[in-house]
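Asker: Below you will find the structure I want to go over with you.
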Amino acid sequence: YVLTSALKIQVVSEDGNTTNVYTLKATVASKFVDVPEDAWYYDYVMAAAKAGIVNGKENSRFDPEGAVSRRDFALMLTRMLGVDVSGYTTAPFSDVKASDYYMKAIAYCAEKGIIGGTGDGKFEPEKNILREEAAKIIAVALNLDGTTTEKFKDDAKISNWAKGYVYACKEAGIFGGDNGNFLPGNPITRAETAKVMVISMNK
């Protein structure tokens with residue numbers, strides 16, 4: 001779907017004697033076919049879509065349980081931050097082309113130190129973002145430095161490099177757990193990303 005501003009259309013009768021002008025206000029599609037109103041993520045997905053952070057897929061689907069690639073996370077992040085990335089013209093990684101639709105977002109994130117490469121000058125744009133990786137990206141992007149003594153049940157599974165970021169996000173109310181677990185090694189889903197982005201947008 002497309003989020004647009006008011007659109008004026010002129011309708012002329014068949015005999016050419018009558019002209020009516022109507023103003024149509026397009027809004028975000030009322031819902032995605034796979035985002036039920038009673039789902040925990042419904043409000044977050046709708047808010048993220050309305051803000052232009054996330055888009056749907058074909059056939060009015062959102063794919064809430066789908067994983068999020070590194071390139072798409074970079075795109076969503078720059079939209080959430082509301083930054084202008086139009087000035088970036090050079091791809092900073094060997095596996096990202098200047099013509100790729102996500103290049104500018106990746107270049108911005110790389111320059112600001114928000115999302116780095118994966119080694120050997122590569123970005124691996126297709127690779128899925130894990131929950132602990134997402135926590136680091138959000139914490140760096142928002143300059144979060146809070147902490148909490150309330151640990152997740154699976155704290156031992158969180159990588160040492162990620163713990164500070166994970167708990168900074170927990171303290172900020174951006175990342176919650178699942179029955180007390182953080183599930184750091186799970187790919188972050190599109191629904192979870194929508195929630196994280198909407199909360200971050202209001203920080």
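Ligands are numbered from 1 in the order shown, chains are lettered A, B, ... in the order of the structure tokens, and residues start at 1 in each chain.
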Would you please give, as a ChimeraX atom specification, all residues of chain A that DSSP assigns to helix (DSSP H, G or I) based on the backbone?
Answerer: /A:42-50,58-60,70-81,103-111,131-141,155-157,160-171,190-201
Asker: Within 7 Å of Ile115 of chain A, counting only C-alpha atoms, which residues qualify if same-chain residues fewer than 4 places away don't, as a compact mmCIF listing (two decimals) with C-alpha atoms, in the first residue's frame?
Answerer:
```txt
# COMPACT_ATOMS: atom_id res chain seq x y z
CA CYS A 109 24.66 3.26 9.65
CA ALA A 110 28.27 2.37 8.83
CA ILE A 137 22.16 -1.54 17.03
```
Asker: Could you name the residues that touch Tyr44 of chain A at 9 Å or less, counting only C-alpha atoms, but leaving out those on the same chain fewer than 3 positions away, as number ranges by chain?
Answerer: A: 40-41, 47-49, 191-192, 194-199
Asker: Could you list, as number ranges by chain, every residue within 12 Å of Ala162 of chain A, counting only C-alpha atoms and ignoring same-chain residues fewer than 4 positions away?
Answerer: A: 130-140, 155-158, 166-169, 182, 184-185
Asker: Calculated over only C-alpha atoms, which of the candidates A:Met46, A:Ile114, A:Met201, A:Ile188 has the smallest distance to Ile174 of chain A?
Answerer: A:Met201
Asker: Quick one: residues within 10 Å of Ser99 of chain A, only C-alpha atoms counted, chain neighbours fewer than 6 positions away excluded, as a PDB file with N, CA and C atoms, in the first residue's frame?
Answerer:
```
ATOM      1  N   THR A  89      26.496   8.346  -1.636  1.00  0.00           N
ATOM      2  CA  THR A  89      26.559   7.885  -3.027  1.00  0.00           C
ATOM      3  C   THR A  89      27.482   6.690  -3.224  1.00  0.00           C
ATOM      4  N   THR A  90      28.267   6.370  -2.214  1.00  0.00           N
ATOM      5  CA  THR A  90      29.246   5.292  -2.349  1.00  0.00           C
ATOM      6  C   THR A  90      28.945   4.168  -1.365  1.00  0.00           C
ATOM      7  N   ALA A  91      28.913   2.954  -1.881  1.00  0.00           N
ATOM      8  CA  ALA A  91      28.688   1.789  -1.023  1.00  0.00           C
ATOM      9  C   ALA A  91      29.961   1.499  -0.232  1.00  0.00           C
TER      10      ALA A  91
END
```
Asker: Report as an MDAnalysis selection string all protein, DNA and RNA residues lying within 9 Å of Phe32 of chain A, evaluated on only C-alpha atoms, omitting residues in the same chain fewer than 6 positions from it.
Answerer: chainID A and resid 46 56 59:63
Asker: Have a look at A:Val85, A:Leu144, A:Val45, A:Ala67 and name the one nearest to Gly173 of chain A; count only C-alpha atoms.
Answerer: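 Of A:Val85, A:Leu144, A:Val45, A:Ala67, the one nearest Gly173 of chain A, counting only C-alpha atoms, is A:Leu144.
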Asker: I need the residue nearest Arg190 of chain A from this list: A:Ser159, A:Thr149, A:Ser94, A:Ser69. Use only C-alpha atoms for the distance.
Answerer: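 With only C-alpha atoms as the atom set, the closest residue is A:Ser69.
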Asker: So the first atom is atom CA of Pro64 of chain A and the second is atom CA of Thr189 of chain A; what is the distance between them in Å, to one decimal place?
Answerer: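 That distance, rounded to one decimal, is 6.5 Å.
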Asker: Quick one, how far is atom CA of Gly180 of chain A from atom CA of Asp154 of chain A?
Answerer: 7.9 Å
Asker: With only C-alpha atoms as the counted atoms, please give the residues lying no more than 6 Å from Ala74 of chain A, apart from itself and same-chain residues fewer than 2 positions off, as a PyMOL selection string.
Answerer: chain A and resi 71-72+76-77+105-106
Asker: Work out how far apart atom CA of Gly113 of chain A and atom CA of Gly52 of chain A are and give it in Å to one decimal.
Answerer: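 Separation of atom CA of Gly113 of chain A and atom CA of Gly52 of chain A: 23.6 Å.
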Asker: For Asn202 of chain A, which of A:Met80, A:Asp38, A:Lys97, A:Asn128 is the closest residue, counting only C-alpha atoms?
Answerer: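 Checking each candidate against Asn202 of chain A, we get A:Met80 as the closest.
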